[in-house]
Structure formats: C-alpha cells, structure tokens
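Below is my_file.tsv, holding TSV, C-alpha atoms.
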chain	number	residue	atom	x	y	z
A	7	MET	CA	0.00	0.00	0.00
A	8	ASN	CA	1.14	3.54	-0.72
A	9	VAL	CA	1.13	5.72	2.37
A	10	VAL	CA	1.94	8.84	0.39
A	11	ASN	CA	1.13	9.53	-3.21
A	12	CYS	CA	2.17	12.75	-4.91
A	13	GLN	CA	1.28	13.47	-8.52
A	14	LYS	CA	2.74	16.57	-10.16
A	15	VAL	CA	2.58	18.56	-6.96
A	16	SER	CA	3.57	22.22	-7.18
A	17	LYS	CA	3.74	24.96	-4.63
A	18	GLY	CA	4.90	28.52	-5.07
A	19	PHE	CA	5.69	31.42	-2.82
A	20	GLN	CA	5.16	34.87	-4.36
A	21	ARG	CA	7.98	34.92	-6.89
A	22	THR	CA	9.61	31.53	-6.51
A	23	ASN	CA	8.52	27.98	-7.11
A	24	ALA	CA	9.27	25.93	-4.02
A	25	LEU	CA	8.03	22.69	-5.54
A	26	GLU	CA	7.58	21.89	-9.20
A	27	ASP	CA	5.80	18.80	-10.50
A	28	ILE	CA	6.83	16.55	-7.64
A	29	THR	CA	5.79	12.97	-8.28
A	30	PHE	CA	6.60	10.04	-5.99
A	31	GLN	CA	5.06	7.36	-3.82
A	32	LEU	CA	6.06	6.16	-0.40
A	33	THR	CA	5.30	2.52	0.25
A	34	ASP	CA	4.45	1.08	3.61
A	35	GLN	CA	6.80	0.91	6.57
A	36	LYS	CA	10.06	2.13	5.19
A	37	ILE	CA	12.51	4.68	6.54
A	38	THR	CA	13.09	7.17	3.76
A	39	GLY	CA	15.61	9.97	3.84
A	40	LEU	CA	14.49	13.25	2.31
A	41	ILE	CA	17.72	14.79	1.10
A	42	GLY	CA	18.42	18.08	-0.61
A	43	ARG	CA	20.44	21.25	-0.34
A	44	ASN	CA	19.33	24.40	1.45
A	45	GLY	CA	16.15	25.71	-0.14
A	46	ALA	CA	15.51	22.55	-2.15
A	47	GLY	CA	11.91	22.39	-0.91
A	48	LYS	CA	12.23	19.70	1.78
A	49	SER	CA	10.33	21.53	4.51
A	50	THR	CA	7.62	22.72	2.13
A	51	LEU	CA	7.03	19.16	0.97
A	52	LEU	CA	6.82	17.86	4.54
A	53	LYS	CA	4.39	20.60	5.52
A	54	ILE	CA	2.14	19.71	2.61
A	55	LEU	CA	2.20	16.02	3.56
A	56	ALA	CA	1.38	16.90	7.17
A	57	GLY	CA	-1.53	19.03	5.97
A	58	LEU	CA	-0.11	22.25	7.37
A	59	THR	CA	0.02	24.05	4.03
A	60	LYS	CA	-1.98	23.73	0.89
A	61	HIS	CA	-0.33	22.83	-2.39
A	62	LYS	CA	-1.05	24.88	-5.50
A	63	SER	CA	-1.59	22.22	-8.13
A	64	GLY	CA	-1.33	18.48	-8.61
A	65	GLU	CA	-2.60	15.76	-6.33
A	66	VAL	CA	-1.45	14.82	-2.85
A	67	SER	CA	-2.82	11.92	-0.91
A	68	VAL	CA	-1.80	10.58	2.46
A	69	PHE	CA	-3.58	7.35	3.47
A	70	SER	CA	-5.55	7.92	0.23
A	71	GLU	CA	-6.93	11.27	1.39
A	72	ASN	CA	-6.03	14.89	0.85
A	73	PRO	CA	-4.04	15.81	3.97
A	74	TYR	CA	-5.06	19.48	4.09
A	75	ASN	CA	-7.61	20.19	6.83
A	76	ASN	CA	-8.04	16.48	7.36
A	77	LEU	CA	-8.56	15.09	10.87
A	78	MET	CA	-7.97	11.47	9.93
A	79	VAL	CA	-4.58	12.36	8.43
A	80	SER	CA	-3.61	14.58	11.39
A	81	ALA	CA	-4.42	11.85	13.87
A	82	ASN	CA	-2.27	9.34	12.04
A	83	SER	CA	0.68	11.47	11.04
A	84	ILE	CA	3.04	13.85	12.75
A	85	LEU	CA	5.64	16.33	11.60
A	86	VAL	CA	8.44	17.00	14.04
A	87	ASP	CA	10.36	20.21	13.33
A	88	ASP	CA	11.72	23.22	15.19
A	89	GLN	CA	8.49	25.15	14.61
A	90	MET	CA	6.37	22.80	16.69
A	91	THR	CA	4.44	24.78	19.26
A	92	PHE	CA	2.67	23.60	22.37
A	93	PRO	CA	0.43	25.69	24.64
A	94	ASP	CA	2.35	27.60	27.28
A	95	SER	CA	-0.40	27.07	29.82
A	96	LEU	CA	0.69	23.43	30.04
A	97	THR	CA	3.85	21.96	31.54
A	98	LEU	CA	5.80	19.36	29.58
A	99	GLU	CA	4.27	16.70	31.81
A	100	GLU	CA	0.75	17.91	30.99
A	101	ILE	CA	1.55	18.01	27.28
A	102	LEU	CA	2.62	14.36	27.39
A	103	GLY	CA	-0.45	13.56	29.48
A	104	SER	CA	-2.85	15.05	26.95
A	105	ALA	CA	-1.26	13.46	23.88
A	106	PRO	CA	-3.15	10.12	24.00
A	107	ASP	CA	-6.45	12.02	23.62
A	108	PHE	CA	-5.48	12.71	20.05
A	109	TYR	CA	-2.89	10.08	19.19
A	110	LYS	CA	-4.54	6.74	19.76
A	111	ARG	CA	-1.32	4.73	19.54
A	112	TRP	CA	0.55	6.97	22.01
A	113	ASP	CA	3.11	5.04	24.06
A	114	ALA	CA	3.21	6.74	27.48
A	115	GLN	CA	5.85	4.39	28.79
A	116	LEU	CA	8.27	5.15	25.96
A	117	ALA	CA	7.63	8.87	26.40
A	118	SER	CA	8.37	8.91	30.10
A	119	ARG	CA	11.40	6.63	29.80
A	120	LEU	CA	12.95	8.80	27.09
A	121	PHE	CA	12.02	11.90	29.07
A	122	GLN	CA	13.92	10.63	32.09
A	123	TYR	CA	16.85	9.41	30.04
A	124	PHE	CA	17.35	12.83	28.50
A	125	MET	CA	16.86	14.44	31.92
A	126	LEU	CA	14.21	16.95	30.93
A	127	ASP	CA	12.23	18.78	33.60
A	128	PHE	CA	8.56	17.71	33.85
A	129	LYS	CA	7.50	21.12	35.21
A	130	GLN	CA	9.05	23.21	32.42
A	131	GLN	CA	7.15	25.15	29.78
A	132	HIS	CA	7.91	24.24	26.18
A	133	SER	CA	8.77	27.78	25.10
A	134	LYS	CA	11.33	28.12	27.92
A	135	LEU	CA	13.40	25.14	26.78
A	136	SER	CA	16.84	25.62	25.26
A	137	LYS	CA	17.21	24.93	21.55
A	138	GLY	CA	18.68	21.48	22.11
A	139	SER	CA	16.18	20.46	24.80
A	140	LYS	CA	13.31	21.65	22.64
A	141	ALA	CA	14.54	19.49	19.78
A	142	THR	CA	14.88	16.56	22.17
A	143	PHE	CA	11.39	17.02	23.57
A	144	ASN	CA	9.88	17.31	20.09
A	145	MET	CA	11.66	14.13	19.08
A	146	ILE	CA	10.35	12.27	22.15
A	147	PHE	CA	6.85	13.49	21.36
A	148	GLY	CA	7.15	12.45	17.71
A	149	LEU	CA	8.45	8.96	18.47
A	150	SER	CA	5.89	8.32	21.19
A	151	THR	CA	2.91	9.10	18.95
A	152	ARG	CA	3.78	5.93	16.99
A	153	CYS	CA	2.01	7.60	14.06
A	154	GLU	CA	1.67	5.49	10.95
A	155	LEU	CA	3.43	8.30	9.06
A	156	THR	CA	6.10	9.94	11.18
A	157	MET	CA	8.02	12.82	9.64
A	158	PHE	CA	11.10	14.55	11.02
A	159	ASP	CA	12.38	17.79	9.53
A	160	GLU	CA	16.02	18.30	10.53
A	161	PRO	CA	15.22	16.74	13.92
A	162	THR	CA	18.73	16.97	15.37
A	163	ASN	CA	19.29	20.69	14.77
A	164	GLY	CA	20.52	22.08	18.08
A	165	MET	CA	21.12	18.70	19.70
A	166	ASP	CA	24.60	17.85	20.90
A	167	GLU	CA	26.56	14.95	19.45
A	168	ALA	CA	25.54	12.48	22.17
A	169	ALA	CA	21.85	13.36	21.92
A	170	ARG	CA	21.96	12.91	18.14
A	171	THR	CA	23.49	9.46	18.37
A	172	ASP	CA	20.97	8.49	21.05
A	173	PHE	CA	18.07	9.83	19.01
A	174	TYR	CA	18.97	7.86	15.90
A	175	ARG	CA	19.44	4.72	17.97
A	176	ALA	CA	16.07	5.26	19.69
A	177	LEU	CA	14.42	5.81	16.31
A	178	LEU	CA	15.86	2.59	14.91
A	179	LYS	CA	15.00	0.48	17.95
A	180	ASP	CA	11.45	1.74	18.08
A	181	TYR	CA	11.09	1.22	14.33
A	182	ILE	CA	12.26	-2.40	14.63
A	183	ALA	CA	9.74	-3.00	17.40
A	184	HIS	CA	6.93	-1.04	15.71
A	185	PRO	CA	7.53	-0.72	11.96
A	186	ARG	CA	5.93	2.36	10.41
A	187	SER	CA	6.56	4.80	7.59
A	188	ILE	CA	9.21	7.30	8.56
A	189	LEU	CA	10.32	10.24	6.45
A	190	ILE	CA	13.33	12.06	7.77
A	191	SER	CA	14.96	15.11	6.24
A	192	SER	CA	18.52	16.14	6.77
A	193	HIS	CA	21.33	17.81	4.98
A	194	HIS	CA	23.77	15.56	6.77
A	195	LEU	CA	23.17	12.35	4.89
A	196	THR	CA	26.22	10.67	6.43
A	197	GLU	CA	24.61	11.03	9.82
A	198	ILE	CA	21.43	9.13	8.94
A	199	GLU	CA	22.62	6.92	6.10
A	200	HIS	CA	22.79	3.73	8.16
A	201	LEU	CA	19.12	4.07	9.14
A	202	LEU	CA	17.72	4.50	5.67
A	203	GLU	CA	16.21	2.08	3.24
A	204	ASP	CA	15.38	4.61	0.51
A	205	ILE	CA	16.53	8.06	-0.47
A	206	LEU	CA	14.31	10.77	-1.94
A	207	LEU	CA	16.65	13.39	-3.34
A	208	ILE	CA	15.13	16.72	-4.31
A	209	HIS	CA	16.75	19.70	-5.91
A	210	GLN	CA	15.22	23.05	-6.79
A	211	GLY	CA	11.73	21.73	-6.11
A	212	LYS	CA	12.09	18.63	-8.29
A	213	VAL	CA	12.69	14.96	-7.56
A	214	VAL	CA	16.17	13.99	-8.73
A	215	LEU	CA	16.34	10.43	-7.43
A	216	HIS	CA	14.07	8.12	-5.50
A	217	GLN	CA	15.88	4.84	-5.03
A	218	SER	CA	17.22	2.50	-2.43
A	219	LEU	CA	20.36	3.64	-0.67
A	220	ASP	CA	22.46	0.97	-2.36
A	221	GLU	CA	21.23	1.94	-5.82
A	222	VAL	CA	22.10	5.55	-5.08
A	223	LYS	CA	25.61	4.50	-4.11
A	224	GLU	CA	26.05	2.70	-7.39
A	225	TYR	CA	24.50	5.45	-9.50
A	226	VAL	CA	27.70	7.35	-10.24
A	227	VAL	CA	31.43	6.64	-10.16
A	228	ALA	CA	34.52	8.80	-10.06
A	229	ILE	CA	37.28	8.32	-12.60
A	230	GLN	CA	40.74	9.74	-12.35
A	231	GLY	CA	43.54	9.63	-14.90
A	232	PRO	CA	45.42	11.61	-17.56
A	233	ILE	CA	43.23	14.27	-19.17
A	234	ILE	CA	43.19	12.79	-22.69
A	235	ASP	CA	42.35	9.32	-21.43
A	236	VAL	CA	39.60	10.45	-19.08
A	237	GLU	CA	38.04	12.55	-21.84
A	238	ARG	CA	38.10	9.54	-24.15
A	239	TRP	CA	36.65	7.19	-21.50
A	240	THR	CA	33.79	9.51	-20.64
A	241	GLU	CA	33.02	10.77	-24.14
A	242	GLY	CA	29.31	11.34	-24.70
A	243	GLN	CA	28.39	10.57	-21.10
A	244	GLU	CA	26.64	12.86	-18.68
A	245	ILE	CA	29.27	14.47	-16.48
A	246	PHE	CA	28.17	15.54	-13.00
A	247	HIS	CA	31.43	16.93	-11.83
A	248	SER	CA	34.78	17.54	-13.39
A	249	LYS	CA	37.89	18.80	-11.73
A	250	ASN	CA	41.38	19.38	-13.03
A	251	VAL	CA	43.59	17.82	-10.38
A	252	ASP	CA	47.04	19.14	-11.18
A	253	GLY	CA	47.04	20.32	-14.77
A	254	GLN	CA	47.66	16.85	-16.15
A	255	ARG	CA	45.04	14.74	-14.52
A	256	LEU	CA	41.29	14.97	-14.49
A	257	TYR	CA	38.79	13.81	-11.84
A	258	VAL	CA	35.37	13.22	-13.32
A	259	VAL	CA	32.11	11.98	-11.82
A	260	VAL	CA	29.86	10.22	-14.34
A	261	LYS	CA	26.86	7.93	-14.33
A	262	ASN	CA	27.89	4.32	-13.80
A	263	ASN	CA	27.80	2.37	-17.07
A	264	SER	CA	29.21	-0.72	-18.70
A	265	LYS	CA	31.53	1.22	-21.02
A	266	LEU	CA	33.70	1.98	-18.02
A	267	GLU	CA	34.75	-1.66	-17.76
A	268	ARG	CA	37.14	-1.08	-20.66
A	269	ALA	CA	38.55	2.04	-19.05
A	270	ARG	CA	39.28	-0.03	-15.95
A	271	LEU	CA	41.30	-2.50	-18.00
A	272	GLU	CA	43.20	0.40	-19.56
A	273	GLY	CA	44.33	1.45	-16.11
A	274	ALA	CA	41.70	3.98	-15.07
A	275	VAL	CA	41.22	4.48	-11.36
A	276	ILE	CA	37.48	4.06	-10.87
A	277	GLN	CA	35.78	4.40	-7.52
A	278	THR	CA	32.28	4.33	-6.19
A	279	LEU	CA	31.45	7.20	-3.85
A	280	PRO	CA	29.69	7.45	-0.50
A	281	ALA	CA	25.97	8.21	-0.88
A	282	SER	CA	26.42	11.70	0.54
A	283	GLU	CA	28.89	12.58	-2.21
A	284	VAL	CA	26.65	11.10	-4.89
A	285	CYS	CA	23.82	13.33	-3.70
A	286	MET	CA	26.13	16.33	-3.53
A	287	TYR	CA	27.32	15.95	-7.11
A	288	MET	CA	23.82	15.29	-8.42
A	289	THR	CA	22.56	18.52	-6.91
A	290	SER	CA	25.47	20.82	-7.69
A	291	GLU	CA	24.55	23.88	-9.71
A	292	THR	CA	27.60	24.10	-11.88
A	293	LYS	CA	30.02	21.72	-13.48
A	294	GLY	CA	32.87	23.42	-11.68
A	295	GLY	CA	33.21	23.86	-7.97
A	296	ILE	CA	34.22	26.21	-5.23
A	297	ASP	CA	37.76	26.27	-6.68
A	298	ASP	CA	36.47	28.24	-9.68
A	299	VAL	CA	35.51	31.14	-7.42
A	300	PHE	CA	39.16	31.67	-6.56
A	301	LYS	CA	40.50	31.59	-10.10
B	22	MET	CA	32.92	-5.05	14.03
B	23	ILE	CA	31.85	-1.52	13.30
B	24	ILE	CA	29.98	-0.81	10.11
B	25	ASN	CA	31.68	1.83	8.03
B	26	THR	CA	28.95	3.91	6.41
B	27	ASP	CA	31.47	6.16	4.74
B	28	SER	CA	33.07	3.26	2.95
B	29	THR	CA	32.45	2.73	-0.74
B	30	LYS	CA	31.53	-0.84	0.14
B	31	PRO	CA	27.74	-1.09	0.58
B	32	ILE	CA	26.60	-1.82	4.14
B	33	TYR	CA	24.83	-5.04	3.11
B	34	VAL	CA	28.08	-6.39	1.65
B	35	GLN	CA	29.85	-5.57	4.89
B	36	ILE	CA	27.15	-7.50	6.77
B	37	ALA	CA	27.50	-10.52	4.47
B	38	GLU	CA	31.29	-10.46	4.89
B	39	TRP	CA	30.97	-10.22	8.65
B	40	LEU	CA	28.70	-13.27	8.72
B	41	GLU	CA	31.16	-15.12	6.48
B	42	ASN	CA	33.98	-14.28	8.88
B	43	GLU	CA	31.92	-15.57	11.79
B	44	ILE	CA	31.29	-18.81	9.91
B	45	ILE	CA	35.00	-19.21	9.07
B	46	ALA	CA	35.86	-18.58	12.72
B	47	GLU	CA	33.26	-21.23	13.58
B	48	CYS	CA	31.25	-18.84	15.74
B	49	PHE	CA	28.34	-20.25	13.76
B	50	MET	CA	28.64	-23.98	13.11
B	51	ALA	CA	27.03	-25.99	10.32
B	52	ASP	CA	23.24	-26.18	10.64
B	53	GLU	CA	23.28	-23.58	13.38
B	54	LYS	CA	20.83	-20.67	13.28
B	55	VAL	CA	22.31	-17.26	12.43
B	56	TYR	CA	21.04	-13.83	13.49
B	57	SER	CA	17.77	-12.59	12.03
B	58	GLN	CA	17.58	-9.35	10.04
B	59	TYR	CA	16.19	-7.61	13.12
B	60	GLN	CA	18.95	-8.88	15.40
B	61	LEU	CA	21.54	-7.76	12.85
B	62	ALA	CA	19.86	-4.36	12.53
B	63	GLU	CA	19.95	-3.91	16.26
B	64	LEU	CA	23.51	-5.20	16.55
B	65	PHE	CA	24.98	-2.98	13.86
B	66	ASN	CA	22.58	-0.05	14.17
B	67	ILE	CA	21.37	-0.33	10.59
B	68	ASN	CA	18.07	-0.53	8.73
B	69	PRO	CA	16.54	-4.05	8.90
B	70	ALA	CA	16.03	-4.04	5.12
B	71	THR	CA	19.76	-3.53	4.66
B	72	ALA	CA	20.49	-6.40	7.04
B	73	ALA	CA	18.04	-8.58	5.09
B	74	LYS	CA	19.93	-7.82	1.88
B	75	GLY	CA	23.15	-9.07	3.49
B	76	LEU	CA	21.43	-12.33	4.46
B	77	THR	CA	19.93	-12.68	0.98
B	78	ILE	CA	23.40	-12.59	-0.61
B	79	LEU	CA	24.45	-15.55	1.52
B	80	VAL	CA	21.24	-17.45	0.76
B	81	GLU	CA	21.84	-16.90	-2.95
B	82	GLU	CA	25.39	-18.17	-2.59
B	83	MET	CA	23.95	-21.14	-0.67
B	84	THR	CA	26.08	-20.39	2.37
B	85	LEU	CA	22.85	-20.09	4.34
B	86	TYR	CA	19.56	-21.87	3.92
B	87	LYS	CA	16.08	-20.81	4.96
B	88	LYS	CA	13.70	-22.78	7.11
B	89	ARG	CA	10.26	-21.35	6.74
B	90	GLY	CA	9.17	-19.61	9.91
B	91	LEU	CA	12.33	-20.61	11.77
B	92	GLY	CA	15.02	-18.41	10.25
B	93	MET	CA	18.33	-18.79	8.44
B	94	PHE	CA	20.80	-21.60	9.07
B	95	VAL	CA	24.41	-22.27	8.12
B	96	ALA	CA	24.75	-24.73	5.22
B	97	PRO	CA	26.81	-27.85	6.04
B	98	GLU	CA	29.48	-26.98	3.46
B	99	ALA	CA	29.41	-23.25	4.18
B	100	LYS	CA	32.89	-22.81	5.64
B	101	MET	CA	34.55	-24.66	2.79
B	102	MET	CA	32.56	-22.72	0.21
B	103	ILE	CA	33.54	-19.38	1.69
B	104	LEU	CA	37.22	-20.32	1.86
B	105	GLU	CA	37.10	-21.53	-1.74
B	106	LYS	CA	35.36	-18.35	-2.91
B	107	ARG	CA	37.80	-16.06	-1.13
B	108	ARG	CA	40.77	-17.94	-2.56
B	109	ASN	CA	39.44	-17.54	-6.08
B	110	GLU	CA	38.45	-13.91	-5.68
B	111	THR	CA	41.57	-12.69	-3.91
B	112	LEU	CA	43.92	-14.53	-6.20
B	113	THR	CA	42.21	-13.36	-9.37
B	114	LYS	CA	42.29	-9.81	-8.13
B	115	MET	CA	45.97	-10.01	-7.25
B	116	VAL	CA	46.79	-11.43	-10.68
B	117	THR	CA	44.86	-8.61	-12.34
B	118	ASP	CA	46.87	-6.11	-10.34
B	119	ILE	CA	50.13	-7.80	-11.32
B	120	VAL	CA	49.21	-7.79	-15.00
B	121	LEU	CA	48.22	-4.11	-14.88
B	122	GLU	CA	51.46	-3.18	-13.11
B	123	ALA	CA	53.47	-5.19	-15.65
B	124	LYS	CA	51.77	-3.28	-18.45
B	125	ARG	CA	52.63	0.04	-16.82
B	126	LEU	CA	56.27	-1.03	-16.51
B	127	SER	CA	56.31	-2.39	-20.11
B	128	VAL	CA	57.11	-5.90	-18.91
B	129	THR	CA	56.11	-8.38	-21.61
B	130	LYS	CA	53.95	-11.44	-21.04
B	131	GLU	CA	56.94	-13.75	-21.51
B	132	GLU	CA	59.01	-11.83	-18.99
B	133	LEU	CA	56.15	-11.95	-16.52
B	134	ILE	CA	55.74	-15.72	-16.88
B	135	GLN	CA	59.49	-16.11	-16.46
B	136	LEU	CA	59.27	-14.10	-13.26
B	137	ILE	CA	56.57	-16.39	-11.92
B	138	HIS	CA	58.66	-19.48	-12.72
B	139	LYS	CA	61.65	-17.92	-10.99
B	140	CYS	CA	59.59	-17.08	-7.93
B	141	GLU	CA	58.24	-20.60	-7.72
B	142	GLU	CA	61.74	-22.08	-7.87
B	143	GLU	CA	62.95	-19.82	-5.10
B	144	ILE	CA	60.14	-20.61	-2.68
In structure tokens, write the structure found in this file.
Amino acid sequence: MNVVNCQKVSKGFQRTNALEDITFQLTDQKITGLIGRNGAGKSTLLKILAGLTKHKSGEVSVFSENPYNNLMVSANSILVDDQMTFPDSLTLEEILGSAPDFYKRWDAQLASRLFQYFMLDFKQQHSKLSKGSKATFNMIFGLSTRCELTMFDEPTNGMDEAARTDFYRALLKDYIAHPRSILISSHHLTEIEHLLEDILLIHQGKVVLHQSLDEVKEYVVAIQGPIIDVERWTEGQEIFHSKNVDGQRLYVVVKNNSKLERARLEGAVIQTLPASEVCMYMTSETKGGIDDVFK
Amino acid sequence: MIINTDSTKPIYVQIAEWLENEIIAECFMADEKVYSQYQLAELFNINPATAAKGLTILVEEMTLYKKRGLGMFVAPEAKMMILEKRRNETLTKMVTDIVLEAKRLSVTKEELIQLIHKCEEEI
C-alpha cells in the first residue's frame, strides 16, 4: 500500500517555485531519507504532507486522502520540526499527558522513559526550553505518537553529538519493534545513512532520485587519470562533476555504465562514492566547484 | 565489528562479509541458526532491510539456507565454500593487479611468466 502519493505537486511562494511537478510514492513501513540542499523544498514538501500548508496544483494523498484540513490524516501522522508549538499554559508533563487524547497509539511508557533518560524537567514550559532540549522534547513526542506516518524535519538541529546518536538509535530500535513509515529530512546524509532504506533526493523543487540507498551508491562513479584518457573514457556521457587535479590529470564523476569496464582495463582508477557525495554531485549547480571562485 | 557507512563498500556487503567471517571462525557452526535481520539491525545499528539484503546474498550463494518460519541456518558446506570463494576472488584480483602493473612497466607477457617461474623455484 502507498502511504503517500504525490502526482505533479507544485507549490509557489510569491515569486519563486518551491516545488515543481513533484511525483513520488512512499510505500508502507520504510525509513526514507528526504535529502536536498538548502532551499531545495524539503520543509515545504513535509508541511504539505502533514496538511499544514496547501499545495497549488497536482494531487497529494496521504492514506488515500487529501491531507489538508483532514482530521484522519492529522491523527495518524506527525511532523516534528523546530516550529512545533505547544500551549504555554501546560507543563511538559501535561503536554505528554494530553497526547493520548489525540494520538490513539501513544506510548506513554516510551515517552516517560525517554524523558527521564534525556533528563528533561517535567515542570518546564515548552517555550522556555533551550534549543537542544526543545529538539529533544519534540523528538520524544514524535516517536511516542507511533504515528503510521512519522516525519522529522532536521530533527537533530541544536542537539549535541551524544543526543543525536541516542536519538537515531532510539528511532531505529522503536522502528524495529513497531515498523511504520518514517520520512526524515537532513542535509547531513552521512549522519542518517545507516538508518535509511530509501533516499528521496530533491533539488530546486524537483525529484532527482528516488531509489534504495544501495542503488544511489552505485549510481555514479569517479574516474581519475590523464586528461586525454579520461576525456576519451567519458566521451558522450553525462558528467556531474569535473575537476582538473594538477594540470595533467582529471577527476570526473559520471553515471555508472558498462563502457567503463574497458577504461578499468586500460588502467583507469574508478571508484564508487559514499551516498552523501553522490547526492552532492547530483545537486550541484555548476560543473565546476568552489575552486572556480578563486581563479 | 563496526559498520563503516562512509566506505564505498555497501553496508549489506559488509554484513555478508561479517557473517562469512563468523562462519570461518566457527562462531556459527554448520546447521546452526544465524542472526535474524532484526537482530543484525539492532547489533549494527542499521536498517533491517539492509540487514536482510546481506542475508539474501548468503542465501543466494547457498552459504545459508532458509527454514520457513524458523530463520536462516548455516549450510553444512558453508565454511569450505567461503574459503574456496575467497581464494578464487583474492587470487584473481591479485593477478589482475600484477598484470596491470606489468603493463605500466612495459614488462612483456613472456618476462612476466618467467618471473613467476623464478619465484616458484625460489620458494
């Protein structure tokens, strides 16, 4: 079953297009990483899926319904981000206490255990929390809802190193015990890579890749060698990145293909890249790089 | 073992290799049950689907066999098969490297074969 189905979804803000013709489906009970550079449209997409903003055109369905202004979708999905607000008239303890009224699968035991582990103060107000503690509380809230569709938008912003590691471990353990669809955005792919099954890579409001992590890793390769040879080996192929190493050698990132087998036999140094680098090269604006700025 | 997510080697391959190492070291004996995808996920802090992919490789190579509803078990010949496979793979790779290096140094095929003969005599 598809939990999320987006067909040609667009959303614009005044002069810019945040999302353009986004089409993808999320199947049941997978952890998907939503990856993209700053301003790629990650948060906008998550807000549309959570029903917090309305899309301009196209079709969005979550659990086969339009998420906007939809109680069924709100009760079964949650978006955890740094803009989450809770009433200031309630203490953190009271917020956790009132959650099961709305979230039917709320796990109070998990919530209170995590709460104690991270040493938060039950009597605090949400708006008085430090940046890191707020992120931690929001994460605890999000995990404990056990929502069928759980979305995290840059959940670890503000958390210290130890809290991040603990959060990802908690997420994985709870997912193993209670599988559900999780969509998690980050611009630090390396940090969440081990958790992911699929990657949804967006760039300038469009879907660039939606594949399993391993397929993404094998999507491109880097070749290094003498300029003439590298140009011959990669002739007619789509080049994602090209860098002159030292005037004589060229470092080129191209789509993985069978023609490269011959180059390998001719002595080319061919490497696969970590997923984070693949995503970086596939979303870079120019063929050059930061070095060109200093020319 | 710690999984290296930064490595160019996919995580599921690292999982399969780890299981192979455990079988070679006889931590898992023939016909013994190995970890499930969920135990592996928990152990290595990785997605269960990735762990499952690692197990699938070994099932396809017949190092492991499935018992419906019970889990994955070590094939009786598993250790031998892994040793055999590693011998073939490592040796082939080393020979490829030697041939490439010979080419770079303009050493002819005949000279290379002579070298091998000489080496064999000396050992």
Within 9 Å of Phe30 of chain A using all atoms listed in the file, minus same-chain residues under 4 positions, as a PyMOL selection string
chain A and resi 10-14+206+213+216
Proximal residues of chain B relative to chain A (all atoms listed in the file; 12 Å) as JSON, numbers by chain:
{"B": [23, 24, 25, 26, 27, 28, 29, 30, 31, 32, 33, 34, 57, 58, 59, 60, 61, 62, 63, 64, 65, 66, 67, 68, 69, 70, 71, 72, 73, 74, 75, 117, 118, 119, 120, 121, 122, 123, 124, 125]}
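Between Ser136 of chain A and the residues A:Asp180, A:Asp166, A:Asp34, A:Glu99, the shortest atom-to-atom distance, using all atoms listed in the file, involves A:Asp166.
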Each side padded by 8 Å, which centre and which edge lengths in Å (one decimal) define the axis-aligned box around the listed atoms of segment 218-227 of chain A? Give them as AutoDock Vina command-line options.
--center_x 24.3 --center_y 4.2 --center_z -5.5 --size_x 30.2 --size_y 22.4 --size_z 25.6
May I ask for the distance between atom CA of Ser80 of chain A and atom CA of Gly103 of chain A, given in Å to one decimal place?
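Between atom CA of Ser80 of chain A and atom CA of Gly103 of chain A the gap works out to 18.4 Å.
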Pick from B:Glu98, B:Lys106, B:Met115, B:Leu91: nearest to Glu38 of chain B, with all atoms listed in the file counted?
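Closest to Glu38 of chain B, using all atoms listed in the file: B:Lys106.
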Long-range neighbours of segment 80-85 of chain B as an MDAnalysis selection string, 6 Å cut-off, all atoms listed in the file, 2 positions minimum in chain
chainID B and resid 77:78 94:96 99
Expressed in Å to a single decimal, how great is the separation between atom CA of Glu160 of chain A and atom CA of Asn75 of chain A?
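Computing it gives 24.0 Å between the two atoms.
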Between B:Ile103, B:Gly90, B:Leu136, B:Val128, which has the minimum distance to Leu40 of chain B (counting all atoms listed in the file)?
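Ranked by minimum distance to Leu40 of chain B, first place goes to B:Ile103.
Distances here use all atoms listed in the file; by that measure, the residue among B:Lys100, B:Arg108, B:Lys114, B:Lys139 closest to Glu47 of chain B is B:Lys100.
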